[in-house]
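Chemist: Sharing a structure below in structure tokens format, with a few things to ask.
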Amino acid sequence: MTRDTLEHHQIPIYFVAVLLAAAFGVLAPFSAHGLGVLVTPAIAVLMYAMFLQIPFLDLRQGLGNKRFISALLLANFILVPLLVWVLTRGLVERPALLVGALLVLLTPCIDYVVVFTHIGKGDSRLMLAATPVLLLLQLVLLPVYLGFMLGAQSAVVVAVGPFVEAFLWLIVLPMILAVLTTSLARRSSLISAWNSAWAWLPVPAMALVLFVVITSQITSVVRDIGSLLPVIPVYVGFLLLAPLMGALAARLFALPAVTARALTFSASTRNSLVVLPLALALPEDVRGLAATAVILQTLLELVGELVYIRLIPALVWRVGR
């Protein structure tokens, strides 16, 4: 099996991981709950493996296509946040669901969106080159969006200490280590070999995270399914409308077809596993439901992507010249 084969089969791998996790969690709830201690280290490994694949040192290349970058920023940081704000107004009386939905819907994907873009006949190389821009901007803007959209509840819902701690240990530290590894790999054959070995791990690491998170949280999802129902229409609405935000931005900047498809996938695909540690760092009274809301979005999105990879190539082709 090659690395490309592994990456192109990642969606069925994730579905198998989800199904096995759900079955184990339901059939052996006490043992499954004990796997919760593995969530943080599993996410840390995933973040490091994923960040190693992002060309931070080639950031200038990601900024080279100014029309694409401008459209990407418009779609992900103006149009999509406006859509999310409108969709989540019905959750203002449910702070746990609101913060979970905002965390996941306001952050554009930086990992498997590249694969979806490739399968969906978009410009996956351009998408990959733009991932550092997406990551850095969403980390800067997420607190701003949360402060605005949560309003007076932001101080209550988002406890600064644990939130910052999770952000530093599970996002910033793995990102710095990944950048250092990539930089040293250019001078050392040993570290280059280490880097190449880790290139195989993002898919297995993501499957592992899905397994341990869902296994340890599935009983909470089943228990709270009634409480999660109000967020399902929000996620479905996002699945239907977010591609239109990407297509609109692509049309405004007259992007060619393959670039427009990449932008459409970016606007529609979210960063659920990157923000999951932030959800798990929320205060105890909202943590469980917010985290399960993030996980629920992941499950719905994986189904939606199977539709996107067929519809987006068929529908997004006349954009631009």
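Following the order of the structure tokens, first chain is A, next is B, and so on, with residues numbered from 1 inside each chain and ligands from 1 in the order they appear.
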Give me the residues near Ala197 of chain A as a ChimeraX atom specification, where near means some atom within 12 Å (using only C-alpha atoms) and where sequence neighbours in that chain fewer than 5 positions away do not count.
Modeler: /A:3,49,52-53,185,190-192,202
Chemist: Give me a file of those residues, with all heavy atoms, as a PDB file, in the first residue's frame.
Modeler:
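To be explicit, this is the file written out as again.pdb:
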ATOM      1  N   ARG A   3       1.327   5.582   0.268  1.00  0.00           N
ATOM      2  CA  ARG A   3       0.745   6.639   1.090  1.00  0.00           C
ATOM      3  C   ARG A   3      -0.457   7.276   0.398  1.00  0.00           C
ATOM      4  O   ARG A   3      -1.458   7.605   1.040  1.00  0.00           O
ATOM      5  CB  ARG A   3       1.807   7.703   1.365  1.00  0.00           C
ATOM      6  CG  ARG A   3       1.606   8.422   2.686  1.00  0.00           C
ATOM      7  CD  ARG A   3       2.704   9.410   2.918  1.00  0.00           C
ATOM      8  NE  ARG A   3       2.398  10.675   2.274  1.00  0.00           N
ATOM      9  CZ  ARG A   3       3.317  11.573   1.950  1.00  0.00           C
ATOM     10  NH1 ARG A   3       4.591  11.328   2.163  1.00  0.00           N
ATOM     11  NH2 ARG A   3       2.971  12.706   1.384  1.00  0.00           N
ATOM     12  N   ALA A  49       1.587  15.177  13.592  1.00  0.00           N
ATOM     13  CA  ALA A  49       1.631  14.486  12.291  1.00  0.00           C
ATOM     14  C   ALA A  49       1.017  15.344  11.194  1.00  0.00           C
ATOM     15  O   ALA A  49       1.538  15.410  10.073  1.00  0.00           O
ATOM     16  CB  ALA A  49       0.893  13.144  12.392  1.00  0.00           C
ATOM     17  N   LEU A  52       3.161  18.477  10.288  1.00  0.00           N
ATOM     18  CA  LEU A  52       4.340  18.128   9.495  1.00  0.00           C
ATOM     19  C   LEU A  52       4.040  18.134   7.994  1.00  0.00           C
ATOM     20  O   LEU A  52       4.942  18.306   7.184  1.00  0.00           O
ATOM     21  CB  LEU A  52       4.856  16.737   9.893  1.00  0.00           C
ATOM     22  CG  LEU A  52       5.726  16.654  11.137  1.00  0.00           C
ATOM     23  CD1 LEU A  52       6.063  15.199  11.442  1.00  0.00           C
ATOM     24  CD2 LEU A  52       6.998  17.481  10.999  1.00  0.00           C
ATOM     25  N   GLN A  53       2.767  17.942   7.643  1.00  0.00           N
ATOM     26  CA  GLN A  53       2.389  17.890   6.229  1.00  0.00           C
ATOM     27  C   GLN A  53       2.054  19.267   5.667  1.00  0.00           C
ATOM     28  O   GLN A  53       1.793  19.407   4.469  1.00  0.00           O
ATOM     29  CB  GLN A  53       1.183  16.957   6.038  1.00  0.00           C
ATOM     30  CG  GLN A  53       1.313  15.608   6.716  1.00  0.00           C
ATOM     31  CD  GLN A  53       2.635  14.925   6.453  1.00  0.00           C
ATOM     32  OE1 GLN A  53       3.056  14.783   5.306  1.00  0.00           O
ATOM     33  NE2 GLN A  53       3.312  14.502   7.525  1.00  0.00           N
ATOM     34  N   ALA A 185      14.978  18.913   8.867  1.00  0.00           N
ATOM     35  CA  ALA A 185      14.987  17.825   7.885  1.00  0.00           C
ATOM     36  C   ALA A 185      15.718  18.234   6.610  1.00  0.00           C
ATOM     37  O   ALA A 185      16.209  17.377   5.864  1.00  0.00           O
ATOM     38  CB  ALA A 185      13.562  17.396   7.552  1.00  0.00           C
ATOM     39  N   LEU A 190      18.818  11.962   8.811  1.00  0.00           N
ATOM     40  CA  LEU A 190      18.115  11.206   9.853  1.00  0.00           C
ATOM     41  C   LEU A 190      16.756  11.831  10.153  1.00  0.00           C
ATOM     42  O   LEU A 190      15.737  11.133  10.219  1.00  0.00           O
ATOM     43  CB  LEU A 190      18.977  11.162  11.125  1.00  0.00           C
ATOM     44  CG  LEU A 190      18.370  10.388  12.314  1.00  0.00           C
ATOM     45  CD1 LEU A 190      18.181   8.922  11.942  1.00  0.00           C
ATOM     46  CD2 LEU A 190      19.265  10.528  13.548  1.00  0.00           C
ATOM     47  N   ILE A 191      16.734  13.153  10.325  1.00  0.00           N
ATOM     48  CA  ILE A 191      15.467  13.835  10.611  1.00  0.00           C
ATOM     49  C   ILE A 191      14.576  13.822   9.378  1.00  0.00           C
ATOM     50  O   ILE A 191      13.352  13.750   9.485  1.00  0.00           O
ATOM     51  CB  ILE A 191      15.736  15.273  11.109  1.00  0.00           C
ATOM     52  CG1 ILE A 191      16.496  15.223  12.428  1.00  0.00           C
ATOM     53  CG2 ILE A 191      14.408  16.038  11.281  1.00  0.00           C
ATOM     54  CD1 ILE A 191      16.844  16.565  13.005  1.00  0.00           C
ATOM     55  N   SER A 192      15.184  13.850   8.198  1.00  0.00           N
ATOM     56  CA  SER A 192      14.398  13.741   6.975  1.00  0.00           C
ATOM     57  C   SER A 192      13.682  12.392   6.910  1.00  0.00           C
ATOM     58  O   SER A 192      12.512  12.307   6.502  1.00  0.00           O
ATOM     59  CB  SER A 192      15.302  13.926   5.758  1.00  0.00           C
ATOM     60  OG  SER A 192      14.559  13.791   4.563  1.00  0.00           O
ATOM     61  N   PRO A 202      -0.799  10.726   9.498  1.00  0.00           N
ATOM     62  CA  PRO A 202      -2.011  11.524   9.713  1.00  0.00           C
ATOM     63  C   PRO A 202      -3.309  10.736   9.632  1.00  0.00           C
ATOM     64  O   PRO A 202      -4.205  10.926  10.468  1.00  0.00           O
ATOM     65  CB  PRO A 202      -1.926  12.586   8.601  1.00  0.00           C
ATOM     66  CG  PRO A 202      -0.471  12.757   8.377  1.00  0.00           C
ATOM     67  CD  PRO A 202       0.115  11.391   8.551  1.00  0.00           C
TER      68      PRO A 202
END
Chemist: List every residue of segment 100-131 of chain A that has an atom at most 9 Å from any atom of segment 69-89 of chain A, and for each one report the closest atom pair and its distance in Å to one decimal, counting only C-alpha atoms, with rows sorted by chain and then by increasing residue number, as a tab-separated table.
Modeler:
residue	atom	partner	partner_atom	distance
A:Ala101	CA	A:Thr88	CA	7.6
A:Leu102	CA	A:Val84	CA	7.3
A:Leu105	CA	A:Val84	CA	6.7
A:Leu106	CA	A:Pro81	CA	6.0
A:Thr107	CA	A:Asn76	CA	8.0
A:Pro108	CA	A:Asn76	CA	6.6
A:Ala130	CA	A:Ile69	CA	7.5
Chemist: Please produce an output containing N, CA and C atoms for each residue in the selection, written as a tab-separated table (two decimals), in the first residue's frame.
Modeler:
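The resulting file, selection-v4.tsv, is shown below:
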chain	number	residue	atom	x	y	z
A	101	ALA	N	-20.96	24.52	18.37
A	101	ALA	CA	-21.22	24.78	16.96
A	101	ALA	C	-20.32	25.89	16.43
A	102	LEU	N	-20.12	26.95	17.22
A	102	LEU	CA	-19.27	28.05	16.78
A	102	LEU	C	-17.81	27.60	16.63
A	105	LEU	N	-17.71	25.38	13.34
A	105	LEU	CA	-18.15	25.96	12.07
A	105	LEU	C	-17.34	27.19	11.67
A	106	LEU	N	-16.66	27.81	12.62
A	106	LEU	CA	-15.89	29.02	12.30
A	106	LEU	C	-14.46	28.73	11.87
A	107	THR	N	-14.06	27.46	11.90
A	107	THR	CA	-12.65	27.13	11.62
A	107	THR	C	-12.56	26.26	10.36
A	108	PRO	N	-12.00	26.79	9.27
A	108	PRO	CA	-11.86	26.01	8.03
A	108	PRO	C	-10.84	24.88	8.17
A	130	ALA	N	-2.07	26.78	0.67
A	130	ALA	CA	-2.78	27.84	1.41
A	130	ALA	C	-3.08	27.45	2.86
Chemist: Name the residues in contact with Thr40 of chain A at a cut-off of 10 Å, using only C-alpha atoms, excluding same-chain residues fewer than 2 positions from it; report them as a list in words.
Modeler: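 The residues that qualify are Gly36, Val37, Leu38, Ala42, Ile43, Ala44, Val45, Leu46, Ala166, Trp169, Leu170, Val209, Val212, Val213, Leu276, Pro277 and Leu280 of chain A.
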Chemist: Which of these, A:Ser189, A:Ser266, A:Thr298, A:Thr5, has the shortest distance to Thr131 of chain A once you count only C-alpha atoms?
Modeler: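 For Thr131 of chain A, the nearest of the given residues is A:Ser266.
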Chemist: Fewer than 3 positions away in the same chain doesn't count, so skip those; otherwise give me all residues within 12 Å of Asp4 of chain A, counting only C-alpha atoms, as JSON, numbers by chain.
Modeler: {"A": [1, 7, 8, 9, 10, 115, 118, 119, 199, 200, 202, 203]}
Chemist: Write out, as a PDB file, in the first residue's frame, the residues just selected, with N, CA and C atoms.
Modeler:
ATOM      1  N   MET A   1       0.846  -1.207   0.000  1.00  0.00           N
ATOM      2  CA  MET A   1       0.000   0.000   0.000  1.00  0.00           C
ATOM      3  C   MET A   1       0.874   1.247   0.000  1.00  0.00           C
ATOM      4  N   GLU A   7      -4.271   7.651   1.837  1.00  0.00           N
ATOM      5  CA  GLU A   7      -4.974   8.925   1.933  1.00  0.00           C
ATOM      6  C   GLU A   7      -6.276   8.914   1.135  1.00  0.00           C
ATOM      7  N   HIS A   8      -6.284   8.237  -0.021  1.00  0.00           N
ATOM      8  CA  HIS A   8      -7.487   8.213  -0.842  1.00  0.00           C
ATOM      9  C   HIS A   8      -8.572   7.309  -0.264  1.00  0.00           C
ATOM     10  N   HIS A   9      -8.176   6.436   0.667  1.00  0.00           N
ATOM     11  CA  HIS A   9      -9.161   5.562   1.315  1.00  0.00           C
ATOM     12  C   HIS A   9      -9.432   5.999   2.752  1.00  0.00           C
ATOM     13  N   GLN A  10      -9.079   7.247   3.065  1.00  0.00           N
ATOM     14  CA  GLN A  10      -9.220   7.656   4.461  1.00  0.00           C
ATOM     15  C   GLN A  10     -10.666   7.763   4.918  1.00  0.00           C
ATOM     16  N   VAL A 115      -7.501  16.307   0.464  1.00  0.00           N
ATOM     17  CA  VAL A 115      -7.864  15.057  -0.211  1.00  0.00           C
ATOM     18  C   VAL A 115      -9.229  15.188  -0.877  1.00  0.00           C
ATOM     19  N   HIS A 118      -8.893  17.095  -4.038  1.00  0.00           N
ATOM     20  CA  HIS A 118      -8.303  16.295  -5.112  1.00  0.00           C
ATOM     21  C   HIS A 118      -9.336  15.354  -5.729  1.00  0.00           C
ATOM     22  N   ILE A 119     -10.084  14.658  -4.867  1.00  0.00           N
ATOM     23  CA  ILE A 119     -11.106  13.720  -5.360  1.00  0.00           C
ATOM     24  C   ILE A 119     -12.192  14.478  -6.116  1.00  0.00           C
ATOM     25  N   ALA A 199       4.962  11.013   7.684  1.00  0.00           N
ATOM     26  CA  ALA A 199       4.031  11.346   6.603  1.00  0.00           C
ATOM     27  C   ALA A 199       2.963  10.264   6.411  1.00  0.00           C
ATOM     28  N   TRP A 200       3.221   9.073   6.923  1.00  0.00           N
ATOM     29  CA  TRP A 200       2.240   7.989   6.837  1.00  0.00           C
ATOM     30  C   TRP A 200       1.186   8.064   7.950  1.00  0.00           C
ATOM     31  N   PRO A 202      -0.799  10.726   9.498  1.00  0.00           N
ATOM     32  CA  PRO A 202      -2.011  11.524   9.713  1.00  0.00           C
ATOM     33  C   PRO A 202      -3.309  10.736   9.632  1.00  0.00           C
ATOM     34  N   VAL A 203      -3.448   9.847   8.660  1.00  0.00           N
ATOM     35  CA  VAL A 203      -4.700   9.077   8.539  1.00  0.00           C
ATOM     36  C   VAL A 203      -4.875   8.112   9.707  1.00  0.00           C
TER      37      VAL A 203
END
Chemist: Under the rule that only C-alpha atoms are counted, which of A:Val275, A:Ala254, A:Ala207, A:Leu97 is the nearest residue to Gln138 of chain A?
Modeler: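 Among A:Val275, A:Ala254, A:Ala207, A:Leu97, it is A:Val275 that comes nearest to Gln138 of chain A.
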Chemist: Would you kindly return, as an MDAnalysis selection string, each protein, DNA or RNA residue with an atom no farther than 9 Å from any atom of Val316 of chain A, considering only C-alpha atoms and excluding same-chain residues fewer than 2 positions away?
Modeler: chainID A and resid 247 257:258 260:261 264 311:314 318:319
Chemist: Output N, CA, C and O atoms for every residue in that selection, as a CSV table (one decimal), in the first residue's frame.
Modeler:
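Result written to part-v1.csv:
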chain,number,residue,atom,x,y,z
A,247,ALA,N,-18.7,29.3,-3.7
A,247,ALA,CA,-19.0,29.5,-5.1
A,247,ALA,C,-19.2,31.0,-5.4
A,247,ALA,O,-18.7,31.5,-6.4
A,257,ALA,N,-12.2,27.0,-13.1
A,257,ALA,CA,-13.0,25.9,-12.5
A,257,ALA,C,-12.3,25.2,-11.4
A,257,ALA,O,-12.8,25.0,-10.3
A,258,VAL,N,-11.1,24.7,-11.6
A,258,VAL,CA,-10.4,23.8,-10.6
A,258,VAL,C,-10.1,24.6,-9.4
A,258,VAL,O,-10.2,24.1,-8.3
A,260,ALA,N,-11.9,27.3,-8.3
A,260,ALA,CA,-13.2,27.5,-7.7
A,260,ALA,C,-13.7,26.3,-6.9
A,260,ALA,O,-14.3,26.5,-5.8
A,261,ARG,N,-13.4,25.1,-7.4
A,261,ARG,CA,-13.8,23.9,-6.7
A,261,ARG,C,-13.0,23.8,-5.4
A,261,ARG,O,-13.6,23.5,-4.3
A,264,THR,N,-14.6,26.1,-3.0
A,264,THR,CA,-15.8,25.6,-2.5
A,264,THR,C,-15.7,24.5,-1.4
A,264,THR,O,-16.4,24.5,-0.4
A,311,LEU,N,-21.1,16.3,-6.4
A,311,LEU,CA,-21.9,17.4,-6.9
A,311,LEU,C,-21.0,18.6,-7.3
A,311,LEU,O,-21.3,19.3,-8.3
A,312,ILE,N,-20.0,18.9,-6.5
A,312,ILE,CA,-19.1,20.1,-6.7
A,312,ILE,C,-18.5,20.0,-8.1
A,312,ILE,O,-18.5,21.0,-8.8
A,313,PRO,N,-17.9,18.9,-8.5
A,313,PRO,CA,-17.3,18.9,-9.9
A,313,PRO,C,-18.3,19.0,-10.9
A,313,PRO,O,-18.0,19.6,-12.0
A,314,ALA,N,-19.6,18.6,-10.7
A,314,ALA,CA,-20.6,18.7,-11.7
A,314,ALA,C,-21.2,20.1,-11.8
A,314,ALA,O,-21.6,20.6,-12.9
A,318,ARG,N,-18.4,26.4,-14.3
A,318,ARG,CA,-18.6,27.6,-15.2
A,318,ARG,C,-18.1,28.9,-14.5
A,318,ARG,O,-18.2,29.9,-15.0
A,319,VAL,N,-17.6,28.7,-13.2
A,319,VAL,CA,-17.1,29.9,-12.5
A,319,VAL,C,-15.8,30.4,-13.1
A,319,VAL,O,-14.9,29.6,-13.3
Chemist: Once DSSP has gone over the backbone, tell me which residues of segment 254-311 of chain A are in alpha helix (DSSP H), as a VMD selection string.
Modeler: chain A and resid 257 to 268 272 to 280 284 to 311
Chemist: Tell me which of A:Leu300, A:Val221, A:Ala17, A:Leu177 sits closest to Leu240 of chain A, counting only C-alpha atoms.
Modeler: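 Ranked by minimum distance to Leu240 of chain A, first place goes to A:Leu300.
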Chemist: If you count only C-alpha atoms, which residues fall within 9 Å of Leu146 of chain A, apart from same-chain ones fewer than 2 positions away, as a list in words?
Modeler: Val99, Leu102, Leu103, Leu106, Leu141, Leu142, Pro143, Val144, Phe148, Met149, Leu150, Gly151, Ser154 and Val158 of chain A
Chemist: Those selected residues, please, written with N, CA and C atoms and delivered as a PDB file, in the first residue's frame.
Modeler:
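Dumped everything to part_34.pdb:
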ATOM      1  N   VAL A  99     -21.571  27.203  21.752  1.00  0.00           N
ATOM      2  CA  VAL A  99     -20.111  27.303  21.701  1.00  0.00           C
ATOM      3  C   VAL A  99     -19.520  26.130  20.930  1.00  0.00           C
ATOM      4  N   LEU A 102     -20.118  26.948  17.219  1.00  0.00           N
ATOM      5  CA  LEU A 102     -19.270  28.052  16.778  1.00  0.00           C
ATOM      6  C   LEU A 102     -17.814  27.604  16.627  1.00  0.00           C
ATOM      7  N   LEU A 103     -17.328  26.834  17.590  1.00  0.00           N
ATOM      8  CA  LEU A 103     -15.942  26.361  17.511  1.00  0.00           C
ATOM      9  C   LEU A 103     -15.681  25.624  16.210  1.00  0.00           C
ATOM     10  N   LEU A 106     -16.658  27.811  12.619  1.00  0.00           N
ATOM     11  CA  LEU A 106     -15.891  29.025  12.300  1.00  0.00           C
ATOM     12  C   LEU A 106     -14.459  28.727  11.867  1.00  0.00           C
ATOM     13  N   LEU A 141      -8.350  34.754  14.642  1.00  0.00           N
ATOM     14  CA  LEU A 141      -9.702  35.316  14.566  1.00  0.00           C
ATOM     15  C   LEU A 141     -10.738  34.573  15.400  1.00  0.00           C
ATOM     16  N   LEU A 142     -10.486  33.290  15.745  1.00  0.00           N
ATOM     17  CA  LEU A 142     -11.491  32.529  16.491  1.00  0.00           C
ATOM     18  C   LEU A 142     -11.899  33.208  17.793  1.00  0.00           C
ATOM     19  N   PRO A 143     -10.969  33.696  18.635  1.00  0.00           N
ATOM     20  CA  PRO A 143     -11.393  34.384  19.859  1.00  0.00           C
ATOM     21  C   PRO A 143     -12.237  35.628  19.574  1.00  0.00           C
ATOM     22  N   VAL A 144     -11.923  36.312  18.466  1.00  0.00           N
ATOM     23  CA  VAL A 144     -12.702  37.504  18.098  1.00  0.00           C
ATOM     24  C   VAL A 144     -14.124  37.115  17.742  1.00  0.00           C
ATOM     25  N   PHE A 148     -17.654  37.996  19.872  1.00  0.00           N
ATOM     26  CA  PHE A 148     -18.783  38.708  19.257  1.00  0.00           C
ATOM     27  C   PHE A 148     -20.057  37.871  19.273  1.00  0.00           C
ATOM     28  N   MET A 149     -19.961  36.593  18.881  1.00  0.00           N
ATOM     29  CA  MET A 149     -21.164  35.779  18.701  1.00  0.00           C
ATOM     30  C   MET A 149     -21.707  35.200  19.999  1.00  0.00           C
ATOM     31  N   LEU A 150     -20.828  35.041  21.013  1.00  0.00           N
ATOM     32  CA  LEU A 150     -21.318  34.583  22.310  1.00  0.00           C
ATOM     33  C   LEU A 150     -21.790  35.750  23.166  1.00  0.00           C
ATOM     34  N   GLY A 151     -21.295  36.941  22.864  1.00  0.00           N
ATOM     35  CA  GLY A 151     -21.718  38.120  23.604  1.00  0.00           C
ATOM     36  C   GLY A 151     -21.367  38.026  25.074  1.00  0.00           C
ATOM     37  N   SER A 154     -19.717  34.865  26.670  1.00  0.00           N
ATOM     38  CA  SER A 154     -18.364  34.407  26.351  1.00  0.00           C
ATOM     39  C   SER A 154     -17.504  34.267  27.600  1.00  0.00           C
ATOM     40  N   VAL A 158     -16.452  30.352  27.985  1.00  0.00           N
ATOM     41  CA  VAL A 158     -15.060  30.074  27.644  1.00  0.00           C
ATOM     42  C   VAL A 158     -14.160  30.513  28.798  1.00  0.00           C
TER      43      VAL A 158
END
Chemist: Separation of atom CA of Glu284 of chain A and atom CA of Val18 of chain A, in Å?
Modeler: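 These atoms are spaced 24.9 Å apart.
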